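Heads up, coords-v7.cif below (mmCIF, C-alpha atoms):
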data_my_file
#
loop_
_atom_site.label_atom_id
_atom_site.label_comp_id
_atom_site.auth_asym_id
_atom_site.auth_seq_id
_atom_site.Cartn_x
_atom_site.Cartn_y
_atom_site.Cartn_z
CA GLY A 3 -11.19 13.31 -3.88
CA LEU A 4 -7.54 14.32 -3.43
CA ARG A 5 -4.67 12.15 -4.59
CA ARG A 6 -2.14 10.71 -2.14
CA GLY A 7 0.63 13.15 -3.09
CA GLU A 8 -1.74 16.10 -2.85
CA LEU A 9 -2.81 15.03 0.65
CA LEU A 10 0.79 14.62 1.78
CA ALA A 11 1.67 18.12 0.53
CA LEU A 12 -1.25 19.87 2.25
CA ARG A 13 -0.38 22.51 4.83
CA ARG A 14 -2.76 24.28 7.20
CA ARG A 15 -2.50 27.44 5.08
CA ASP A 16 -3.99 25.49 2.13
CA LEU A 17 -7.32 25.17 3.93
CA VAL A 18 -9.94 27.90 4.36
CA LEU A 19 -12.18 26.52 7.09
CA ASP A 20 -13.56 29.56 8.89
CA ASP A 21 -16.02 31.01 6.40
CA ASP A 22 -19.21 30.06 4.57
CA ASN A 23 -17.27 28.63 1.62
CA PRO A 24 -14.64 26.22 2.99
CA VAL A 25 -12.08 25.16 0.41
CA VAL A 26 -8.81 23.31 0.04
CA THR A 27 -6.20 24.66 -2.35
CA VAL A 28 -3.98 22.18 -4.16
CA ALA A 29 -0.88 24.00 -5.35
CA HIS A 30 0.20 23.47 -8.94
CA GLY A 31 3.48 21.87 -7.88
CA HIS A 32 1.64 19.06 -6.11
CA ALA A 33 -1.24 18.55 -8.55
CA LYS A 34 -1.09 15.88 -11.23
CA ASN A 35 -2.39 18.36 -13.82
CA ARG A 36 0.15 20.98 -12.62
CA ARG A 37 -2.59 23.57 -12.03
CA ASN A 38 -3.65 25.36 -8.87
CA SER A 39 -7.06 24.10 -7.80
CA ARG A 40 -9.52 25.35 -5.21
CA ILE A 41 -11.84 22.53 -4.24
CA PRO A 42 -14.91 23.17 -2.08
CA LEU A 43 -15.28 21.21 1.14
CA GLN A 44 -18.48 20.02 2.76
CA ALA A 45 -19.31 22.08 5.84
CA GLU A 46 -19.09 19.09 8.20
CA VAL A 47 -15.68 18.14 6.80
CA ALA A 48 -14.51 21.70 7.42
CA VAL A 49 -15.66 21.49 11.05
CA VAL A 50 -13.78 18.22 11.60
CA LEU A 51 -10.63 19.60 9.97
CA ARG A 52 -10.89 22.88 11.89
CA ASN A 53 -11.03 20.95 15.20
CA PHE A 54 -8.25 18.58 14.10
CA LEU A 55 -5.97 21.49 13.13
CA LEU A 56 -6.96 23.82 15.98
CA ASP A 57 -3.40 24.58 17.13
CA ALA A 58 -1.63 24.05 13.80
CA LEU A 59 0.66 26.75 12.45
CA PRO A 60 0.13 27.82 8.82
CA ALA A 61 3.11 25.79 7.56
CA SER A 62 2.15 22.68 9.56
CA PRO A 63 1.31 19.58 7.53
CA VAL A 64 -2.38 18.71 7.65
CA PHE A 65 -1.43 15.08 8.19
CA ARG A 66 1.26 15.18 10.85
CA GLY A 67 4.04 12.66 11.04
CA VAL A 68 3.92 11.67 7.39
CA GLY A 69 6.66 12.05 4.86
CA HIS A 70 7.94 10.59 1.63
CA HIS A 71 8.03 7.12 3.22
CA TYR A 72 4.40 7.37 4.27
CA ARG A 73 2.57 4.16 3.45
CA ALA A 74 -0.96 5.29 2.66
CA ALA A 75 -2.16 1.73 2.14
CA GLU A 76 -0.97 0.63 5.59
CA VAL A 77 -2.54 3.63 7.29
CA LEU A 78 -5.82 3.10 5.44
CA ASP A 79 -5.83 -0.60 6.38
CA HIS A 80 -5.29 0.34 10.03
CA ASP A 81 -8.11 2.91 9.87
CA LEU A 82 -10.47 0.44 8.18
CA ASP A 83 -9.74 -2.12 10.90
CA ALA A 84 -10.32 0.46 13.64
CA ALA A 85 -13.65 1.47 12.08
CA GLY A 86 -14.70 -2.15 11.51
CA ILE A 87 -14.92 -1.69 7.74
CA PRO A 88 -13.95 -4.72 5.64
CA ARG A 89 -11.22 -4.26 3.02
CA GLU A 90 -12.98 -6.57 0.59
CA THR A 91 -16.68 -6.29 -0.23
CA GLU A 92 -18.97 -7.63 -2.93
CA VAL A 93 -18.23 -4.53 -5.04
CA GLY A 94 -14.45 -4.65 -4.70
CA ARG A 95 -11.46 -3.83 -2.56
CA CYS A 96 -11.26 -0.72 -0.43
CA ASP A 97 -7.85 0.80 -1.07
CA PHE A 98 -6.47 4.31 -1.26
CA HIS A 99 -7.39 4.77 -4.92
CA SER A 100 -10.94 3.56 -4.32
CA LEU A 101 -11.49 6.69 -2.23
CA ARG A 102 -11.27 8.80 -5.43
CA VAL A 103 -13.57 6.35 -7.20
CA SER A 104 -16.02 6.70 -4.32
CA PHE A 105 -15.82 10.50 -4.57
CA VAL A 106 -16.59 10.56 -8.30
CA THR A 107 -19.29 7.90 -7.99
CA SER A 108 -20.93 9.91 -5.19
CA LEU A 109 -20.94 12.98 -7.42
CA ALA A 110 -22.64 10.98 -10.19
CA ARG A 111 -25.21 9.51 -7.79
CA ALA A 112 -25.97 13.02 -6.55
CA GLY A 113 -26.82 14.07 -10.10
CA VAL A 114 -23.74 16.24 -10.66
CA SER A 115 -23.22 16.74 -14.40
CA LEU A 116 -20.34 14.92 -16.06
CA PRO A 117 -18.44 18.14 -16.93
CA HIS A 118 -18.77 19.35 -13.35
CA ALA A 119 -17.65 15.99 -11.91
CA GLN A 120 -14.71 16.00 -14.33
CA LYS A 121 -13.74 19.47 -13.10
CA LEU A 122 -14.00 18.52 -9.42
CA ALA A 123 -11.99 15.32 -9.96
CA ARG A 124 -9.49 17.32 -12.04
CA HIS A 125 -9.55 14.76 -14.83
CA CYS A 126 -8.28 15.56 -18.33
CA SER A 127 -11.15 13.79 -20.05
CA PRO A 128 -14.82 13.07 -19.37
CA THR A 129 -14.22 9.50 -20.53
CA LEU A 130 -11.88 8.94 -17.59
CA THR A 131 -14.45 10.38 -15.19
CA SER A 132 -17.41 8.41 -16.53
CA ASN A 133 -15.89 5.09 -17.60
CA ILE A 134 -13.21 4.51 -14.97
CA TYR A 135 -14.25 6.47 -11.88
CA SER A 136 -18.05 6.21 -11.90
CA LYS A 137 -19.16 2.82 -10.61
CA PHE A 138 -22.78 1.73 -10.32
CA ALA A 139 -24.30 -1.47 -9.00
CA PRO A 140 -26.79 -3.31 -11.21
CA ASP A 141 -29.61 -2.62 -8.75
CA GLU A 142 -29.17 1.12 -9.36
CA ASP A 143 -30.35 0.76 -12.99
CA ALA A 144 -34.02 0.37 -12.06
CA ALA A 145 -33.88 3.40 -9.77
CA ALA A 146 -32.32 5.46 -12.57
CA ILE A 147 -35.07 4.47 -15.02
CA ALA A 148 -37.74 5.21 -12.39
CA ARG A 149 -36.55 8.84 -12.26
CA LEU A 150 -37.41 9.40 -15.95
CA PRO A 151 -40.57 11.34 -16.74
CA SER A 152 -43.68 9.31 -17.45
CA LEU A 153 -44.38 8.46 -21.07
CA THR A 154 -48.07 7.87 -20.42
CA SER A 155 -49.09 11.09 -18.65
CA GLU A 156 -50.46 13.96 -20.68
CA VAL A 157 -48.03 16.57 -21.85
CA GLY A 158 -49.25 20.03 -21.26
#

Could you express the structure from this file as structure tokens?
Amino acid sequence: GLRRGELLALRRRDLVLDDDNPVVTVAHGHAKNRRNSRIPLQAEVAVVLRNFLLDALPASPVFRGVGHHYRAAEVLDHDLDAAGIPRETEVGRCDFHSLRVSFVTSLARAGVSLPHAQKLARHCSPTLTSNIYSKFAPDEDAAAIARLPSLTSEVG
């Protein structure tokens, strides 16, 4: 769920990967909201990053060989091709920004509350989180309704 500029600014020292609570710290100078943020990482992501950065010095960039001229879209297109993932699907185009949309939508699908998703996405408003970044397919509506409690069973 990090933004392009935040990813480019990441250094090895910004990642805590060796404990039970892996996190990435986005420094205020690189964050859109200009605030320091500590964002939890999934354990399996921490393992991959730990292996990827095994010999990295604390000041080393997390993503080596990238700079101000880094073309995130070109790199993503190359990675999508290598993984055999189409850029265009029935739900839209896979681009760098869609990764943040996917992050927020995944939080919503997992049942994370709107205020919590807003906090994790570091959005200034819940409207932005819910109306712009949370995307659901029409076939998910029936599944959402099916999760509601029964109206015909006895209350007791």

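A straight line drawn from atom CA of A:Asp16 to atom CA of A:Asn53 is 15.5 Å long.
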
* Asked: For the file shown, what are the residues hit by the PyMOL selection byres ((chain A and resi 109) around 12), laid out as a PyMOL selection string?
  -> chain A and resi 3+102-108+110-123+131-132+135-138

* Nearest to A:Thr27 by atom-to-atom distance, counting all atoms listed in the file, from A:Leu12, A:Val77, A:Val47, A:Ala139 -> A:Leu12

To box stretch 13-30 of chain A, take all atoms listed in the file, fit an axis-aligned box, add 5 Å on each side, and give centre and edge lengths in Å to one decimal, as JSON.
{"center_x": -9.5, "center_y": 26.6, "center_z": 0.0, "size_x": 29.4, "size_y": 18.8, "size_z": 27.8}

* How far is it from atom CA of A:Phe65 to atom CA of A:Leu51, in Å with one decimal? ->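 That distance, rounded to one decimal, is 10.4 Å.
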
* **Given the PyMOL selection byres ((chain A and resi 17) around 12), the residues it picks as a PyMOL selection string** => chain A and resi 9+11-16+18-21+23-29+39-43+47-49+51-52+55+58-64

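Atom CA of A:Leu78 is found 8.9 Å from atom CA of A:Cys96.
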
* Tell me which of A:Val93, A:Ala33, A:Ala45, A:Ala74 sits closest to A:Pro140, counting all atoms listed in the file. =>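 Of the candidates, the smallest distance to A:Pro140 is held by A:Val93.
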
* Which residues fall under the PyMOL selection byres ((chain A and resi 79) around 12) in this file, as a VMD selection string? -> chain A and resid 73 to 78 80 to 90 95 to 98
